[in-house]
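For reference, start_4.csv is printed below; it contains CSV, C-alpha atoms (C1' of nucleotides).
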```csv
chain,number,residue,atom,x,y,z
R,1,MET,CA,0.0,0.0,0.0
R,2,LYS,CA,1.5,3.3,-1.1
R,3,ALA,CA,1.4,6.3,1.2
R,4,PRO,CA,-1.4,8.9,0.3
R,5,GLN,CA,-0.3,12.0,-1.6
R,6,SER,CA,-2.0,15.3,-2.2
R,7,ALA,CA,-1.2,15.5,-5.9
R,8,PRO,CA,-3.9,13.1,-7.1
R,9,LEU,CA,-6.5,14.8,-5.0
R,10,LEU,CA,-5.6,18.2,-6.4
R,11,THR,CA,-5.8,16.9,-9.9
R,12,TRP,CA,-9.2,15.4,-9.1
R,13,TYR,CA,-10.3,18.8,-7.6
R,14,ASP,CA,-9.2,20.7,-10.7
R,15,ARG,CA,-11.6,18.7,-12.8
R,16,HIS,CA,-14.4,17.9,-10.3
R,17,HIS,CA,-14.6,20.7,-7.9
R,18,ARG,CA,-18.1,22.1,-7.0
R,19,GLU,CA,-19.0,25.6,-8.2
R,20,LEU,CA,-20.1,27.6,-5.2
R,21,PRO,CA,-21.1,31.3,-4.9
R,22,TRP,CA,-18.3,32.2,-2.5
R,23,ARG,CA,-15.6,30.1,-4.1
R,24,ILE,CA,-12.9,31.0,-6.6
R,25,SER,CA,-12.5,28.1,-9.0
R,26,PRO,CA,-9.0,26.7,-9.5
R,27,SER,CA,-8.9,28.0,-13.1
R,28,ALA,CA,-9.9,31.5,-12.0
R,29,ALA,CA,-7.4,31.4,-9.2
R,30,LYS,CA,-4.7,30.5,-11.8
R,31,ARG,CA,-5.7,33.7,-13.6
R,32,GLY,CA,-5.0,35.7,-10.4
R,33,VAL,CA,-8.6,36.1,-9.1
R,34,LYS,CA,-8.5,36.2,-5.3
R,35,PRO,CA,-11.3,35.1,-2.9
R,36,ASP,CA,-13.0,37.8,-0.8
R,37,PRO,CA,-12.1,37.0,2.8
R,38,TYR,CA,-15.5,38.4,3.9
R,39,TYR,CA,-17.3,35.9,1.6
R,40,ILE,CA,-15.1,33.0,2.8
R,41,TRP,CA,-15.7,33.9,6.4
R,42,MET,CA,-19.4,34.4,6.0
R,43,SER,CA,-19.8,31.1,4.1
R,44,GLU,CA,-17.7,29.2,6.6
R,45,VAL,CA,-19.8,30.4,9.6
R,46,MET,CA,-23.1,29.6,7.8
R,47,LEU,CA,-21.8,26.2,6.8
R,48,GLN,CA,-21.0,25.2,10.4
R,49,GLN,CA,-23.2,22.1,10.9
R,50,THR,CA,-25.4,23.2,8.0
R,51,THR,CA,-25.8,21.9,4.5
R,52,VAL,CA,-24.6,23.8,1.4
R,53,ALA,CA,-28.2,23.7,0.0
R,54,ALA,CA,-29.5,25.4,3.1
R,55,VAL,CA,-26.8,28.1,3.1
R,56,LYS,CA,-26.9,29.3,-0.5
R,57,ALA,CA,-30.0,31.5,-0.2
R,58,TYR,CA,-28.9,32.9,3.1
R,59,PHE,CA,-25.4,33.7,1.8
R,60,ALA,CA,-26.9,35.5,-1.2
R,61,LYS,CA,-29.3,37.5,1.0
R,62,PHE,CA,-26.6,38.5,3.4
R,63,VAL,CA,-23.9,39.7,0.9
R,64,ALA,CA,-26.6,41.5,-1.1
R,65,ARG,CA,-27.8,43.4,1.9
R,66,TRP,CA,-24.4,43.8,3.6
R,67,PRO,CA,-21.7,43.8,0.8
R,68,THR,CA,-18.8,44.4,3.1
R,69,VAL,CA,-17.8,43.5,6.7
R,70,THR,CA,-18.2,47.1,7.7
R,71,ASP,CA,-21.8,47.2,6.3
R,72,LEU,CA,-22.5,44.2,8.5
R,73,ALA,CA,-20.8,45.8,11.5
R,74,GLU,CA,-23.0,48.9,11.2
R,75,ALA,CA,-26.3,47.0,10.8
R,76,PRO,CA,-28.8,46.8,13.6
R,77,SER,CA,-28.5,43.4,15.5
R,78,GLU,CA,-32.3,42.9,15.1
R,79,ASP,CA,-31.9,43.0,11.3
R,80,VAL,CA,-29.1,40.5,11.4
R,81,MET,CA,-31.0,38.1,13.7
R,82,ALA,CA,-34.2,38.4,11.5
R,83,ALA,CA,-32.2,37.7,8.4
R,84,TRP,CA,-30.6,34.6,10.1
R,85,ALA,CA,-34.0,33.3,11.3
R,86,GLY,CA,-34.5,29.7,10.1
R,87,LEU,CA,-30.9,28.8,9.7
R,88,GLY,CA,-30.4,27.6,13.2
R,89,TYR,CA,-27.6,27.8,15.8
R,90,TYR,CA,-28.4,31.4,16.5
R,91,ALA,CA,-25.2,32.0,18.6
R,92,ARG,CA,-23.6,32.0,15.1
R,93,ALA,CA,-25.5,35.1,14.2
R,94,ARG,CA,-24.8,36.8,17.4
R,95,ASN,CA,-21.1,36.1,17.0
R,96,LEU,CA,-21.2,37.0,13.3
R,97,LYS,CA,-22.2,40.5,14.3
R,98,LYS,CA,-19.6,40.7,17.0
R,99,CYS,CA,-16.9,39.4,14.7
R,100,ALA,CA,-17.9,41.9,12.0
R,101,GLU,CA,-17.7,44.7,14.6
R,102,ALA,CA,-14.2,43.6,15.7
R,103,VAL,CA,-12.9,43.4,12.1
R,104,ALA,CA,-14.5,46.7,11.1
R,105,PHE,CA,-13.7,48.8,14.2
R,106,GLU,CA,-10.5,47.1,15.6
R,107,HIS,CA,-8.8,45.8,12.5
R,108,GLY,CA,-9.7,48.7,10.1
R,109,GLY,CA,-12.1,46.5,8.1
R,110,ILE,CA,-9.4,44.0,7.1
R,111,PHE,CA,-9.6,40.4,8.2
R,112,PRO,CA,-6.5,39.0,10.0
R,113,ASP,CA,-4.7,36.8,7.5
R,114,THR,CA,-3.3,34.2,10.0
R,115,GLU,CA,-4.8,31.3,11.7
R,116,GLU,CA,-4.0,32.7,15.2
R,117,GLY,CA,-5.4,36.2,14.3
R,118,LEU,CA,-8.6,34.7,13.0
R,119,ARG,CA,-8.9,32.3,16.0
R,120,ALA,CA,-9.1,35.2,18.4
R,121,LEU,CA,-12.4,36.5,16.8
R,122,PRO,CA,-15.9,35.6,18.1
R,123,GLY,CA,-17.4,32.5,16.5
R,124,ILE,CA,-14.2,31.4,14.9
R,125,GLY,CA,-12.8,28.2,16.3
R,126,ASP,CA,-10.2,25.6,15.2
R,127,TYR,CA,-11.9,24.7,12.0
R,128,THR,CA,-13.0,28.1,10.8
R,129,SER,CA,-9.7,29.8,11.6
R,130,ALA,CA,-7.8,27.2,9.6
R,131,ALA,CA,-10.3,27.2,6.8
R,132,VAL,CA,-10.3,31.0,6.3
R,133,ALA,CA,-6.5,31.1,6.6
R,134,ALA,CA,-6.1,28.4,4.0
R,135,ILE,CA,-8.9,29.3,1.6
R,136,ALA,CA,-8.8,33.1,1.7
R,137,PHE,CA,-5.1,33.6,2.4
R,138,ASN,CA,-3.5,30.4,1.1
R,139,ARG,CA,-1.8,29.8,4.5
R,140,PRO,CA,-0.7,26.2,5.0
R,141,ALA,CA,-3.2,25.5,7.8
R,142,ALA,CA,-4.5,22.0,8.6
R,143,VAL,CA,-8.2,22.2,8.0
R,144,MET,CA,-10.3,19.5,9.6
R,145,ASP,CA,-14.1,19.3,9.5
R,146,GLY,CA,-16.6,16.4,9.5
R,147,ASN,CA,-15.8,15.7,5.8
R,148,VAL,CA,-12.0,15.6,6.4
R,149,GLU,CA,-12.5,13.4,9.5
R,150,ARG,CA,-14.4,10.9,7.4
R,151,VAL,CA,-11.8,10.9,4.6
R,152,ILE,CA,-8.8,10.7,6.9
R,153,SER,CA,-10.4,8.0,9.2
R,154,ARG,CA,-10.9,5.8,6.1
R,155,LEU,CA,-7.6,6.6,4.4
R,156,TYR,CA,-5.8,5.4,7.5
R,157,ALA,CA,-8.5,3.0,8.9
R,158,ILE,CA,-8.4,4.7,12.2
R,159,GLU,CA,-10.2,2.5,14.8
R,160,ALA,CA,-10.1,4.9,17.7
R,161,PRO,CA,-13.6,6.6,18.1
R,162,LEU,CA,-14.3,10.3,17.6
R,163,PRO,CA,-14.0,12.8,19.1
R,164,GLY,CA,-10.9,11.4,20.9
R,165,SER,CA,-9.2,10.6,17.7
R,166,LYS,CA,-9.2,14.2,16.4
R,167,PRO,CA,-5.6,15.0,17.4
R,168,GLN,CA,-4.3,11.9,15.6
R,169,MET,CA,-6.4,12.8,12.5
R,170,LYS,CA,-5.3,16.4,12.5
R,171,ALA,CA,-1.7,15.3,12.5
R,172,LYS,CA,-2.4,13.3,9.4
R,173,VAL,CA,-4.1,16.2,7.7
R,174,ALA,CA,-1.1,18.5,8.5
R,175,GLU,CA,1.2,15.9,7.1
R,176,LEU,CA,-0.8,15.7,3.8
R,177,THR,CA,-1.4,19.4,3.4
R,178,PRO,CA,0.8,20.7,0.5
R,179,ILE,CA,2.7,23.9,0.9
R,180,ASP,CA,1.8,25.3,-2.5
R,181,ARG,CA,-2.0,24.8,-2.6
R,182,PRO,CA,-3.3,24.5,1.0
R,183,GLY,CA,-6.6,26.3,0.2
R,184,ASP,CA,-7.4,24.1,-2.7
R,185,PHE,CA,-6.3,21.0,-0.8
R,186,ALA,CA,-8.8,21.9,2.1
R,187,GLN,CA,-11.6,22.5,-0.4
R,188,ALA,CA,-10.7,19.4,-2.3
R,189,MET,CA,-10.9,17.2,0.9
R,190,MET,CA,-14.3,18.7,1.7
R,191,ASP,CA,-15.6,18.3,-1.8
R,192,LEU,CA,-14.4,14.7,-1.8
R,193,GLY,CA,-16.1,14.0,1.5
R,194,ALA,CA,-19.3,15.6,0.2
R,195,THR,CA,-19.5,13.9,-3.2
R,196,ILE,CA,-17.3,10.7,-3.2
R,197,CYS,CA,-16.3,9.7,0.3
R,198,THR,CA,-19.9,10.0,1.6
R,199,PRO,CA,-21.2,8.6,4.9
R,200,LYS,CA,-23.3,5.9,3.1
R,201,ARG,CA,-22.3,4.1,-0.1
R,202,PRO,CA,-19.1,5.9,-0.9
R,203,ALA,CA,-18.1,6.0,-4.6
R,204,CYS,CA,-14.7,4.5,-4.0
R,205,ALA,CA,-14.2,3.6,-7.7
R,206,LEU,CA,-14.1,7.3,-8.5
R,207,CYS,CA,-11.8,8.3,-5.6
R,208,PRO,CA,-8.3,9.7,-6.2
R,209,PHE,CA,-7.2,8.0,-3.0
R,210,ASN,CA,-8.5,4.5,-3.9
R,211,ASP,CA,-5.0,3.1,-4.3
R,212,ALA,CA,-4.0,4.3,-0.9
R,213,CYS,CA,-7.1,3.9,1.3
R,214,LEU,CA,-6.7,1.3,4.1
R,215,ALA,CA,-10.4,1.2,4.8
R,216,LEU,CA,-11.2,0.3,1.2
R,217,ALA,CA,-8.4,-2.3,1.1
R,218,THR,CA,-9.0,-4.0,4.4
R,219,ASP,CA,-12.7,-3.5,5.4
R,220,GLU,CA,-16.0,-1.8,4.5
R,221,PRO,CA,-15.2,1.9,4.2
R,222,GLU,CA,-18.6,2.7,5.7
R,223,ARG,CA,-17.5,1.5,9.0
R,224,PHE,CA,-15.4,4.6,9.4
R,225,PRO,CA,-15.3,7.0,11.2
R,226,VAL,CA,-15.9,5.1,14.4
R,227,LYS,CA,-17.9,7.3,16.7
R,228,ALA,CA,-18.9,7.3,20.4
R,229,ALA,CA,-22.5,6.2,21.0
R,230,LYS,CA,-25.1,9.0,21.4
R,231,LYS,CA,-27.6,9.5,24.1
R,232,ALA,CA,-31.4,9.4,23.8
R,233,LYS,CA,-33.3,12.7,23.5
R,234,PRO,CA,-35.6,13.5,26.4
R,235,VAL,CA,-39.1,15.0,25.7
R,236,ARG,CA,-40.0,18.4,27.2
R,237,LEU,CA,-43.6,19.7,27.4
R,238,GLY,CA,-45.1,23.2,27.4
R,239,ALA,CA,-47.8,25.4,26.0
R,240,ALA,CA,-47.7,28.4,23.6
R,241,PHE,CA,-50.1,31.2,23.5
R,242,ILE,CA,-51.2,32.9,20.3
R,243,ALA,CA,-53.1,36.2,21.0
R,244,VAL,CA,-54.4,38.5,18.3
R,245,ASP,CA,-55.9,41.9,18.9
R,246,ARG,CA,-58.7,43.7,17.1
R,247,GLU,CA,-56.2,45.2,14.6
R,248,GLY,CA,-54.9,41.8,13.6
R,249,ARG,CA,-51.7,42.1,15.6
R,250,LEU,CA,-50.0,39.1,17.3
R,251,LEU,CA,-48.4,39.2,20.7
R,252,LEU,CA,-44.6,38.5,20.6
R,253,ARG,CA,-41.7,38.7,23.0
R,254,LYS,CA,-37.9,38.8,22.7
R,255,ARG,CA,-36.0,36.0,24.3
R,256,VAL,CA,-33.0,36.6,26.5
R,257,GLU,CA,-29.7,37.0,24.6
R,258,SER,CA,-28.1,33.8,25.8
R,259,GLY,CA,-29.0,30.2,25.6
R,260,LEU,CA,-31.5,28.4,23.4
R,261,LEU,CA,-32.8,30.6,20.7
R,262,GLY,CA,-31.1,33.5,22.4
R,263,GLY,CA,-32.0,37.0,21.1
R,264,MET,CA,-34.7,35.6,18.9
R,265,THR,CA,-38.4,36.4,18.9
R,266,GLU,CA,-41.0,34.1,20.5
R,267,VAL,CA,-44.7,33.8,21.3
R,268,PRO,CA,-45.4,33.6,25.0
R,269,THR,CA,-44.9,30.1,26.3
R,270,THR,CA,-44.8,28.3,29.6
R,271,ASP,CA,-41.5,26.8,30.8
R,272,TRP,CA,-40.5,23.7,28.9
R,273,THR,CA,-40.3,21.0,31.4
R,274,SER,CA,-39.7,17.3,31.6
R,275,ARG,CA,-43.0,16.9,33.5
R,276,GLN,CA,-45.2,14.1,32.1
R,277,ASP,CA,-48.2,14.4,34.5
R,278,GLY,CA,-51.0,15.2,32.1
R,279,GLU,CA,-52.4,18.0,30.1
R,280,THR,CA,-50.8,21.4,30.0
R,281,GLY,CA,-53.4,24.0,30.9
R,282,THR,CA,-53.7,27.8,30.6
R,283,GLU,CA,-52.7,28.7,34.2
R,284,ALA,CA,-49.4,30.1,32.9
R,285,ALA,CA,-51.0,32.1,30.1
R,286,PRO,CA,-49.6,35.7,29.7
R,287,PHE,CA,-52.9,37.1,30.8
R,288,PRO,CA,-56.4,35.8,31.7
R,289,ALA,CA,-58.6,35.3,28.6
R,290,ASP,CA,-60.8,32.8,26.9
R,291,TRP,CA,-58.0,30.7,25.6
R,292,GLN,CA,-59.0,28.0,23.2
R,293,ALA,CA,-57.1,24.8,22.5
R,294,ALA,CA,-55.7,24.9,18.9
R,295,GLY,CA,-53.8,21.6,18.7
R,296,SER,CA,-50.2,20.9,19.3
R,297,ILE,CA,-46.8,20.9,17.6
R,298,SER,CA,-43.7,18.9,18.0
R,299,HIS,CA,-40.2,20.2,17.3
R,300,VAL,CA,-36.9,18.4,17.6
R,301,PHE,CA,-33.9,20.3,18.9
R,302,THR,CA,-30.3,18.9,19.1
R,303,HIS,CA,-30.7,17.6,22.6
R,304,PHE,CA,-34.4,17.3,23.3
R,305,GLU,CA,-37.8,17.0,21.7
R,306,LEU,CA,-40.3,19.7,22.4
R,307,ARG,CA,-44.1,19.2,22.4
R,308,LEU,CA,-46.1,22.4,22.7
R,309,SER,CA,-49.9,22.6,23.3
R,310,ILE,CA,-51.2,25.6,21.4
R,311,PHE,CA,-53.8,28.0,22.7
R,312,ARG,CA,-55.3,30.9,20.9
R,313,VAL,CA,-57.5,33.9,21.7
R,314,GLY,CA,-58.8,36.8,19.7
R,315,PRO,CA,-59.6,39.1,18.2
R,316,ILE,CA,-59.5,40.8,21.7
R,317,ASP,CA,-59.0,44.2,23.2
R,318,LYS,CA,-55.4,44.6,24.1
R,319,PRO,CA,-55.0,43.5,27.7
R,320,SER,CA,-53.6,46.0,30.3
R,321,GLY,CA,-50.0,45.6,31.3
R,322,ASP,CA,-46.8,44.9,29.4
R,323,HIS,CA,-46.8,41.4,27.9
R,324,GLY,CA,-44.4,42.0,25.0
R,325,PHE,CA,-45.0,43.8,21.6
R,326,TRP,CA,-47.7,43.5,19.0
R,327,VAL,CA,-46.9,42.9,15.4
R,328,PRO,CA,-49.4,42.7,12.5
R,329,VAL,CA,-49.8,39.0,11.4
R,330,THR,CA,-49.1,40.2,7.8
R,331,GLU,CA,-45.7,41.5,8.8
R,332,LEU,CA,-44.1,38.5,10.6
R,333,ASP,CA,-41.5,38.1,7.9
R,334,GLY,CA,-39.5,41.0,9.4
R,335,GLU,CA,-39.3,39.3,12.8
R,336,ALA,CA,-36.5,37.0,14.1
R,337,LEU,CA,-38.8,34.0,14.4
R,338,PRO,CA,-37.1,30.6,14.7
R,339,THR,CA,-38.8,27.7,13.0
R,340,VAL,CA,-40.3,26.3,16.2
R,341,MET,CA,-42.1,29.6,16.8
R,342,LYS,CA,-43.4,29.7,13.2
R,343,LYS,CA,-44.8,26.2,13.7
R,344,ALA,CA,-46.6,27.3,16.9
R,345,ILE,CA,-48.1,30.4,15.1
R,346,ALA,CA,-49.1,28.4,12.0
R,347,ALA,CA,-50.9,25.9,14.2
R,348,ALA,CA,-53.2,28.6,15.5
R,349,ILE,CA,-53.2,30.9,12.4
R,350,PRO,CA,-52.8,28.7,9.3
R,351,THR,CA,-52.6,31.7,7.0
R,352,ALA,CA,-49.8,33.4,8.9
R,353,PHE,CA,-47.0,32.0,6.7
R,354,PRO,CA,-48.3,31.5,3.2
R,355,THR,CA,-46.2,29.2,1.0
R,356,PRO,CA,-45.9,29.4,-2.8
R,357,LYS,CA,-48.1,26.3,-3.1
R,358,GLY,CA,-50.4,27.0,-0.1
M,359,DC,C1',-14.5,17.4,28.6
M,360,DA,C1',-19.2,16.6,27.8
M,361,DG,C1',-23.2,19.1,27.1
M,362,DA,C1',-25.7,23.0,24.9
M,363,DC,C1',-26.9,24.7,20.8
M,364,DG,C1',-31.4,24.4,15.2
M,365,DT,C1',-32.9,22.9,11.1
M,366,DG,C1',-34.3,20.3,7.1
M,367,DG,C1',-33.0,16.7,3.9
M,368,DA,C1',-31.6,11.9,3.0
M,369,DT,C1',-32.1,7.1,3.9
Y,370,DT,C1',-41.2,6.5,11.4
Y,371,DA,C1',-36.6,6.7,13.2
Y,372,DT,C1',-32.0,7.9,12.8
Y,373,DC,C1',-28.4,10.3,11.0
Y,374,DC,C1',-26.3,14.0,9.9
Y,375,DA,C1',-24.1,19.0,7.5
Y,376,DA,C1',-17.7,23.0,6.2
Y,377,DG,C1',-18.4,23.6,14.7
Y,378,DT,C1',-18.1,26.8,18.7
Y,379,DC,C1',-18.5,27.9,23.4
Y,380,DT,C1',-18.6,26.8,28.2
```
Render the structure in this file as structure tokens.
Amino acid sequence: MKAPQSAPLLTWYDRHHRELPWRISPSAAKRGVKPDPYYIWMSEVMLQQTTVAAVKAYFAKFVARWPTVTDLAEAPSEDVMAAWAGLGYYARARNLKKCAEAVAFEHGGIFPDTEEGLRALPGIGDYTSAAVAAIAFNRPAAVMDGNVERVISRLYAIEAPLPGSKPQMKAKVAELTPIDRPGDFAQAMMDLGATICTPKRPACALCPFNDACLALATDEPERFPVKAAKKAKPVRLGAAFIAVDREGRLLLRKRVESGLLGGMTEVPTTDWTSRQDGETGTEAAPFPADWQAAGSISHVFTHFELRLSIFRVGPIDKPSGDHGFWVPVTELDGEALPTVMKKAIAAAIPTAFPTPKG
DNA sequence: CAGACGTGGAT
DNA sequence: TATCCAAGTCT
């Protein structure tokens, strides 16, 4: 078995790379076209734990609305959170804004061009600092994401389970990364993982590493990477309250800045508890009213499943006291509503979020 | 270090 | 339907 080399991978990448809105193709790079560090950073943050398909529309929306990092730094946080709504992992949006402010106001609008400099910015960790350094600035950084972990674990048939095996794998990546094209190498490894060295049914016959891959030679490639067992998701229960006033406005609140859905908009809800002792009632409604049951929704988060009983009331006179803010049901697009909250609203007001097909 | 932190698409 | 998972980061 010959030792793996970067050259066959780069040749494969020159021919089979994906075309992506933020990417400079290898042929354009050869003509001297440089990537925009702002685009590379933005795409890398959006792509954290998120599919390319989901990111494309958000990336287009963000760079059209905020063409430079300074534009983003000067934007109101509420606008950024509302634009991010639906993409998930909202700490990324909060850190995106903080990072833009740091670059614009502390670095003169210029991104740091080293791994260490990037790593010091909000929302930029081991992966993203290496990726931006390699892709935007052609620094010889060892870039390791989930794709690279899969490729490397198969290439070297690494039996130790993730995440403990990360340091061992990163050493292999560093050893393989070529000094002349580190950015293309990183993108090539990720494209390979996304299109050839896939989790299920990898297309080994088309792989530029198929003469060096220990997993292919000695075992079923799908067995790698070996991972630690995961835990079962608990169920949490609660109730959500949809109140509409006589002007067709819906009662909303802003969640606290930290934690789950931090800084996002919500409808009033009870606490979400693990309690299983029967029906959730309207005792914890934001104000006394003739609340009517309107079904229920279920939503799966990373570490628990949420089941919300939905109650609605209205049209009503606005109750006294401060319960949040009231927004016309026809203007919910401008709000930072995460998907779970849109589901809750749609359960009570089916026309709230019209889809192209209905 | 293990748990918190979203969502939608594929199988 | 259930499970996995997609270019991770922060605490």
Counting all atoms listed in the file, which residues of chain R fall within 8 Å of chain M, and what is the closest atom pair for each with its distance in Å at one decimal, ordered by chain and rising number, as a tab-separated table?
```
residue	atom	partner	partner_atom	distance
R:Gly86	CA	M:DT365	C1'	7.1
R:Leu87	CA	M:DT365	C1'	6.4
R:Gly88	CA	M:DG364	C1'	3.9
R:Tyr89	CA	M:DG364	C1'	5.1
R:Tyr90	CA	M:DG364	C1'	7.7
R:Ala91	CA	M:DC363	C1'	7.8
R:Gly259	CA	M:DC363	C1'	7.6
R:Leu260	CA	M:DC363	C1'	6.5
R:Phe301	CA	M:DG364	C1'	6.1
R:Thr302	CA	M:DG364	C1'	6.8
R:His303	CA	M:DA362	C1'	7.7
R:Thr339	CA	M:DT365	C1'	7.8
```
Residues of chain R within 8 Å of chain Y, counting only C-alpha atoms (C1' of nucleotides), as a PyMOL selection string = chain R and resi 44+47-52+123-125+127+145-147+190
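The two atoms in question, CA of Asn138 (chain R) and CA of Asp180 (chain R), are spaced 8.2 Å apart.
Using only C-alpha atoms, the shortest contact distance between Val226 (chain R) and any of R:Glu19, R:Val300, R:Tyr38, R:Glu159 is found at R:Glu159.
One distance worth recording is that between CA of Pro319 (chain R) and CA of Val340 (chain R), which is 25.4 Å.
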Point (-31.3, 38.3, 8.2), cut-off 8 Å, counting only C-alpha atoms (C1' of nucleotides), residues as a count of residues only = 11
Interatomic distance between CA of Pro315 (chain R) and CA of Asp245 (chain R)?
->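 Going from CA of Pro315 (chain R) over to CA of Asp245 (chain R) covers 4.7 Å.
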Can you list, as a compact mmCIF listing (two decimals) with C-alpha atoms (C1' of nucleotides), in the coordinates of the input, every protein, DNA or RNA residue that comes within 10 Å of region 191-205 of chain R when you count only C-alpha atoms (C1' of nucleotides), leaving out same-chain residues fewer than 2 positions away?
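See part_2.txt below for the written result:
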```txt
# COMPACT_ATOMS: atom_id res chain seq x y z
CA LEU R 9 -6.50 14.80 -5.00
CA TRP R 12 -9.20 15.40 -9.10
CA TYR R 13 -10.30 18.80 -7.60
CA HIS R 16 -14.40 17.90 -10.30
CA HIS R 17 -14.60 20.70 -7.90
CA ARG R 18 -18.10 22.10 -7.00
CA VAL R 52 -24.60 23.80 1.40
CA ASP R 145 -14.10 19.30 9.50
CA GLY R 146 -16.60 16.40 9.50
CA ASN R 147 -15.80 15.70 5.80
CA VAL R 148 -12.00 15.60 6.40
CA GLU R 149 -12.50 13.40 9.50
CA ARG R 150 -14.40 10.90 7.40
CA VAL R 151 -11.80 10.90 4.60
CA ILE R 152 -8.80 10.70 6.90
CA ARG R 154 -10.90 5.80 6.10
CA PHE R 185 -6.30 21.00 -0.80
CA ALA R 186 -8.80 21.90 2.10
CA GLN R 187 -11.60 22.50 -0.40
CA ALA R 188 -10.70 19.40 -2.30
CA MET R 189 -10.90 17.20 0.90
CA CYS R 207 -11.80 8.30 -5.60
CA PRO R 208 -8.30 9.70 -6.20
CA PHE R 209 -7.20 8.00 -3.00
CA ASN R 210 -8.50 4.50 -3.90
CA ASP R 211 -5.00 3.10 -4.30
CA CYS R 213 -7.10 3.90 1.30
CA LEU R 216 -11.20 0.30 1.20
CA GLU R 220 -16.00 -1.80 4.50
CA PRO R 221 -15.20 1.90 4.20
CA GLU R 222 -18.60 2.70 5.70
CA ARG R 223 -17.50 1.50 9.00
CA PHE R 224 -15.40 4.60 9.40
CA PRO R 225 -15.30 7.00 11.20
C1' DT M 369 -32.10 7.10 3.90
C1' DC Y 373 -28.40 10.30 11.00
C1' DC Y 374 -26.30 14.00 9.90
C1' DA Y 375 -24.10 19.00 7.50
C1' DA Y 376 -17.70 23.00 6.20
```
Kindly provide, as lines of an AutoDock Vina configuration file, the centre and edge lengths (Å, one decimal) of an axis-aligned box around all atoms of chain M given in the file, with 5 Å on each side.
```
center_x = -24.4
center_y = 15.9
center_z = 15.8
size_x = 29.8
size_y = 27.6
size_z = 35.6
```
Output as a short mmCIF file (atom, residue, chain, number, x, y, z; two decimals), in the frame of the given file: region 19-31 of chain R, completed with N, CA and C atoms.
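As a result, out18.cif now contains:
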```cif
data_model
loop_
_atom_site.label_atom_id
_atom_site.label_comp_id
_atom_site.auth_asym_id
_atom_site.auth_seq_id
_atom_site.Cartn_x
_atom_site.Cartn_y
_atom_site.Cartn_z
N GLU R 19 -18.93 24.17 -8.01
CA GLU R 19 -19.00 25.60 -8.20
C GLU R 19 -19.89 26.17 -7.07
N LEU R 20 -19.34 27.09 -6.28
CA LEU R 20 -20.10 27.60 -5.20
C LEU R 20 -19.99 29.16 -5.18
N PRO R 21 -21.04 29.86 -4.74
CA PRO R 21 -21.10 31.30 -4.90
C PRO R 21 -19.94 32.07 -4.24
N TRP R 22 -19.38 31.50 -3.19
CA TRP R 22 -18.30 32.20 -2.50
C TRP R 22 -16.94 31.73 -2.90
N ARG R 23 -16.89 30.76 -3.78
CA ARG R 23 -15.60 30.10 -4.10
C ARG R 23 -15.01 30.65 -5.39
N ILE R 24 -13.66 30.75 -5.42
CA ILE R 24 -12.90 31.00 -6.60
C ILE R 24 -12.48 29.67 -7.21
N SER R 25 -12.89 29.37 -8.42
CA SER R 25 -12.50 28.10 -9.00
C SER R 25 -11.02 28.03 -9.25
N PRO R 26 -10.42 26.84 -9.28
CA PRO R 26 -9.00 26.70 -9.50
C PRO R 26 -8.50 27.40 -10.77
N SER R 27 -9.34 27.35 -11.81
CA SER R 27 -8.90 28.00 -13.10
C SER R 27 -8.89 29.50 -12.96
N ALA R 28 -9.90 30.04 -12.26
CA ALA R 28 -9.90 31.50 -12.00
C ALA R 28 -8.76 31.92 -11.14
N ALA R 29 -8.48 31.09 -10.14
CA ALA R 29 -7.40 31.40 -9.20
C ALA R 29 -6.06 31.45 -10.01
N LYS R 30 -5.92 30.56 -10.98
CA LYS R 30 -4.70 30.50 -11.80
C LYS R 30 -4.55 31.84 -12.58
N ARG R 31 -5.71 32.45 -12.94
CA ARG R 31 -5.70 33.70 -13.60
C ARG R 31 -5.44 34.91 -12.69
#
```
